[in-house]
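Participant: Dumping the structure here so I can ask a few things about it.
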There are 2 protein chains.
Amino acid sequence: MSDQRQFIPREEATPPFFAGVDLGGTNIKVGVVDDRGRPLSWLSIPTRPGRGPEDATRRMGEAVRRAVRKAGLKLDQVPRVGLGSPGTMDIPAGKLVKPVNLRGWDDYPIRDRLSHHCQRPVAFVNDATAAAYGEYWVGSGRKFHSLVMLTLGTGIGCGIIVGDLLIEGENSHGAECGHVIISSADDARWCGCGQRGHLEAYASATAVIKRTQEALAAGVESSLVARLETGDELTPKLVAEEAEGGDRLALDIILDTAKYLGIGIVTLVHAIDPTGVLLGGAMTFGGKDSPLGRRFLARIKQEFRARTFEVLARRTKIDFASLGPDAGYIGAAGIARLQHHHSALAPR
Amino acid sequence: MSDQRQFIPREEATPPFFAGVDLGGTNIKVGVVDDRGRPLSWLSIPTRPGRGPEDATRRMGEAVRRAVRKAGLKLDQVPRVGLGSPGTMDIPAGKLVKPVNLRGWDDYPIRDRLSHHCQRPVAFVNDATAAAYGEYWVGSGRKFHSLVMLTLGTGIGCGIIVGDLLIEGENSHGAECGHVIISSADDARWCGCGQRGHLEAYASATAVIKRTQEALAAGVESSLVARLETGDELTPKLVAEEAEGGDRLALDIILDTAKYLGIGIVTLVHAIDPTGVLLGGAMTFGGKDSPLGRRFLARIKQEFRARTFEVLARRTKIDFASLGPDAGYIGAAGIARLQHHHSALAPR
């Protein structure tokens with residue numbers, strides 16, 4: 001869906017409709033979906049975080065109205081809007097607390113401000129939870145009863161869905177699964193959060209770059225050396241290209257990343273026992289359409305299966321997410337839909 | 001409540017009433033509670049697992065009827081019975097699968113057989129989930145929105161409650177938190193389940209005994225040596241006694257156990273973000289009424305706080321469970337109550 005979005009025409013869609021907003025540090029994606037999670041329209045605007053939260057939120061509200069028009073709808077056909085936002089946040093209060101990628105947006109009451117700007121009630125959720133719900137509703141997890149979704153990028157985001165319940169946490173810190181401990185050794189790797197031994201310290205894009213730098217500094221031979229000498233930047237994508245070209249170090253780095261993810265997934269599966277675990281985000285090495293992506297996934301499954309109970313090794317599904325960058329706004333809209341249908345059943 | 005059970009008289013109790021059964025390898029505890037979780041009666045019968053599941057289940061049914069009479073009630077005032085049972089199990093199917101402490105009970109349809117013997121619908125849950133729900137309903141967790149409860153004994157049992165949702169898992173393996181990985185080192189300790197590095201391999205009673213044996217075999221000085229020479233058995237209780245008597249090794253073993261638990265709790269809290277984490281079971285070193293128990297808890301909290309996010313270090317509660325051995329039957333009855341009230345709202 002991500003590369004070639006398919007929209008359904010208004011006359012084939014099932015009302016009511018919901019708008020979803022996926023707030024990122026660089027872009028804000030906005031889309032409108034029908035009651036079955038099928039997109040009718042989509043657009044993206046720049047976040048411009050430096051201009052402050054009120055400017056962005058006003059433009060977010062306009063973008064929602066624009067996406068609604070683009071879908072051939074009127075605003076009153078869209079009873080609710082969902083907003084997926086990066087943490088840290090206070091979900092019940094509807095506020096950003098100290099969002100890492102949105103400097104200066106601290107303590108901003110974004111839920112109510114967006115609600116003001118688009119004149120709709122807003123469901124406010126964590127962006128990784130929104131993506132997980134999107135996959136659960138209409139993506140790779142649509143046949144699951146419960147799922148854990150890991151979003152692999154600079155850090156590791158996580159969403160957990162059990163039935164129609166989002167594990168948001170008492171302090172809006174639910175599903176911080178990038179920060180489960182996979183090594184308690186005294187010399188365990190440092191995580192970006194300031195603690196040691198977390199999954200994110202081993203298996204995020206940041207960790208891939210760091211582990212590669214360390215190996216190169218230790219003198220391990222690799223075709224990466226020549227690439228870096230020509231001025232290429234060291235990224236997981238570059239490591240993937242050299243791994244595809246047959247470089248041993250690059251491949252080892254990627255397969256070790258998969259091993260660490262397998263270990264983290266064992267811990268999460270033993271706590272939650274979900275139908276499946278989905279992997280999304282930029283650092284999936286091409287996903288199921290790429291031989292390297294498939295090898296990455298196979299190595300994750302191998303580590304998981306070797307370390308779990310026999311019944312879970314057999315039954316727990318591990319797969320790539322399928323909605324790509326659309327998961328966030330679709331999931332946010334889906335959570336708005338949940339709240340709408342619940343409140344329709346039991347108005348407060 | 002465990003040492004001096006307090007029962008409320010029939011005339012002060014709030015109907016409807018629910019019976020709970022806590023099936024263990026040695027004893028079966030049965031109690032009746034009112035709609036607010038207050039016990040009216042209690043009794044215990046031996047499991048006698050060698051006589052097979054049908055014999056025990058028949059006696060379980062009789063015990064339920066007896067507990068109902070003891071409470072001054074008739075069976076038709078008890079619309080549903082809850083059964084907490086050790087795993088492995090298949091919760092939707094109502095069957096034991098391969099229960100470790102009940103040899104020969106494999107694949108027994110215990111839910112429907114108990115229902116037959118006591119002529120009531122039976123809610124079938126994992127024993128650790130039942131204990132967690134008991135604490136959540138009327139114990140240490142009664143002001144929590146969500147909790148993780150660890151039951152420390154021969155192994156480490158775990159129950160996770162989020163709102164009124166039990167994390168039972170897609171394969172009835174939810175909350176197998178004794179088997180989260182705390183060490184991925186190649187020489188990590190072996191767990192009873194056959195895998196390496198699990199919390200249970202470091203912090204169960206079995207692990208305490210093993211770590212003590214290793215230290216003594218390595219020649220560490222300890223007052224335990226003299227105790228063992230007089231024929232005392234090496235148990236966590238013996239280790240606790242010597243720790244209380246000032247023995248350094250014994251105290252180190254207990255405080256290291258607390259450290260490992262702190263590490264496991266970080267992982268669980270980062271995944272779930274519950275209101276609190278409760279510790280129950282036999283291996284709590286006297287709990288809050290004992291200086292050693294309080295020191296054990298303080299060390300757990302210290303490790304947790306040093307390794308988590310600032311907001312969680314401040315807010316997440318870590319405490320002892322309060323219902324002792326009553327948590328299981330009260331929780332099982334509470335889950336029966338949940339099912340009763342849900343089915344009353346939406347009969348199928």
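Chains: A, B, ... in order of the structure tokens. Residues: from 1 per chain. Ligands: from 1, in order shown.
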With only C-alpha atoms counted and 6 Å as the cut-off, give the residues of chain B in contact with chain A, each with its shortest interatomic distance in Å and the pair that gives it, as a Markdown table.
Facilitator:
```
| residue | atom | partner | partner_atom | distance |
| --- | --- | --- | --- | --- |
| B:Gly169 | CA | A:Asp273 | CA | 4.5 |
| B:Glu170 | CA | A:Thr275 | CA | 5.5 |
| B:His173 | CA | A:Asp273 | CA | 5.6 |
| B:Gly174 | CA | A:Asp273 | CA | 4.7 |
| B:Ala175 | CA | A:Ala271 | CA | 4.3 |
| B:Glu176 | CA | A:His270 | CA | 5.0 |
| B:Cys177 | CA | A:Ala271 | CA | 5.1 |
| B:Val180 | CA | A:Thr267 | CA | 4.3 |
| B:Ile181 | CA | A:Thr267 | CA | 5.6 |
| B:Ile182 | CA | A:Ile182 | CA | 5.9 |
| B:Ser183 | CA | A:Ser183 | CA | 4.9 |
| B:Ser184 | CA | A:Ser183 | CA | 5.6 |
| B:Thr267 | CA | A:Val180 | CA | 4.3 |
| B:His270 | CA | A:Glu176 | CA | 5.0 |
| B:Ala271 | CA | A:Ala175 | CA | 4.3 |
| B:Ile272 | CA | A:Gly174 | CA | 4.8 |
| B:Asp273 | CA | A:Gly169 | CA | 4.4 |
| B:Pro274 | CA | A:Glu170 | CA | 5.5 |
| B:Thr275 | CA | A:Glu170 | CA | 5.5 |
```
Participant: Taking 4 positions as the minimum chain separation for residues in the same chain, which residues sit within 7 Å of segment 242-250 of chain B when counting only C-alpha atoms? Answer as a PyMOL selection string.
Facilitator: chain B and resi 222-224+238+254+292
Participant: Keeping C-alpha atoms, export the residues of the selection given above as a compact mmCIF listing (two decimals), in the first residue's frame.
Facilitator:
```
# COMPACT_ATOMS: atom_id res chain seq x y z
CA SER B 222 29.14 -19.33 55.65
CA SER B 223 27.22 -20.34 58.75
CA LEU B 224 25.14 -22.42 56.35
CA LEU B 238 17.28 -21.83 55.76
CA ILE B 254 19.03 -13.04 48.83
CA LEU B 292 14.73 -9.31 55.78
```
Participant: Mind listing the helix (DSSP H, G or I) residues of segment 50-289 of chain A, per DSSP on the backbone, as a PyMOL selection string?
Facilitator: chain A and resi 50-51+53-70+75-77+110-118+127-138+177-179+200-203+205-217+224-229+236-244+248-272+287-289
Participant: Please extract the residues of segment 110-291 of chain B with a backbone DSSP assignment of strand (DSSP E) and present them as a PyMOL selection string.
Facilitator: chain B and resi 122-126+146-152+156-162+165-166+276-280
Participant: Suppose you want the space between atom CA of Trp105 of chain A and atom CA of Asn126 of chain A; what is it in Å?
Facilitator: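 A separation of 15.4 Å between them.
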Participant: Of the candidates B:Thr47, B:Thr206, B:Thr129, B:Thr14, which one gets nearest to Asp34 of chain B if we count only C-alpha atoms?
Facilitator: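 Among the listed residues, the smallest separation from Asp34 of chain B belongs to B:Thr14.
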Participant: Tell me, in Å to one decimal, how far atom CA of Gly72 of chain A is from atom CA of Ser41 of chain A.
Facilitator: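 So the answer is 8.8 Å.
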Participant: Between B:Trp190, B:Phe124, B:Phe285, B:Tyr136, which has the minimum distance to Pro92 of chain B (counting only C-alpha atoms)?
Facilitator: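 With only C-alpha atoms as the atom set, the closest residue is B:Phe124.
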Participant: Write out as a list in words each polymer residue whose atoms come within 9 Å of Phe18 of chain B, counting only C-alpha atoms; drop sequence neighbours fewer than 5 positions from it.
Facilitator: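 Once the adjacent positions are removed, what remains is Gly31, Val32, Val33, Asp34, Asp35, Gly37, Val68, Gln77, Val78, Pro79, Arg80, Val81, Gly82, Ile330, Ala332, Ala333, Gly334, Ala336 and Arg337 of chain B.
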Participant: Within 9 Å of Gly84 of chain A, counting only C-alpha atoms, which residues qualify if same-chain residues fewer than 3 places away don't, as a PDB file with C-alpha atoms, in the first residue's frame?
Facilitator:
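For reference, result.pdb as written:
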```pdb
ATOM      1  CA  GLY A  20      -6.160   9.747  11.092  1.00  0.00           C
ATOM      2  CA  VAL A  21      -3.112  11.937  11.691  1.00  0.00           C
ATOM      3  CA  ASP A  22       0.431  10.547  12.034  1.00  0.00           C
ATOM      4  CA  LEU A  23       2.670  13.199  13.549  1.00  0.00           C
ATOM      5  CA  GLY A  24       6.378  12.751  12.855  1.00  0.00           C
ATOM      6  CA  ALA A 123      -8.510  10.252  19.987  1.00  0.00           C
ATOM      7  CA  PHE A 124      -4.939  10.714  21.177  1.00  0.00           C
ATOM      8  CA  VAL A 125      -2.519   7.770  21.066  1.00  0.00           C
ATOM      9  CA  ASN A 126       1.143   6.901  20.834  1.00  0.00           C
ATOM     10  CA  ASP A 127       2.377   6.659  17.225  1.00  0.00           C
ATOM     11  CA  ALA A 128       3.740   3.114  17.651  1.00  0.00           C
ATOM     12  CA  THR A 129       0.450   2.003  19.205  1.00  0.00           C
ATOM     13  CA  ALA A 130      -1.403   3.581  16.271  1.00  0.00           C
ATOM     14  CA  ALA A 131       0.792   1.723  13.762  1.00  0.00           C
ATOM     15  CA  GLY A 328       0.153   5.175  11.556  1.00  0.00           C
ATOM     16  CA  TYR A 329      -2.693   7.270  10.165  1.00  0.00           C
ATOM     17  CA  GLY A 331      -4.363   3.000  12.989  1.00  0.00           C
ATOM     18  CA  ALA A 332      -5.033   6.421  14.496  1.00  0.00           C
ATOM     19  CA  ALA A 333      -8.271   6.598  12.498  1.00  0.00           C
TER      20      ALA A 333
END
```
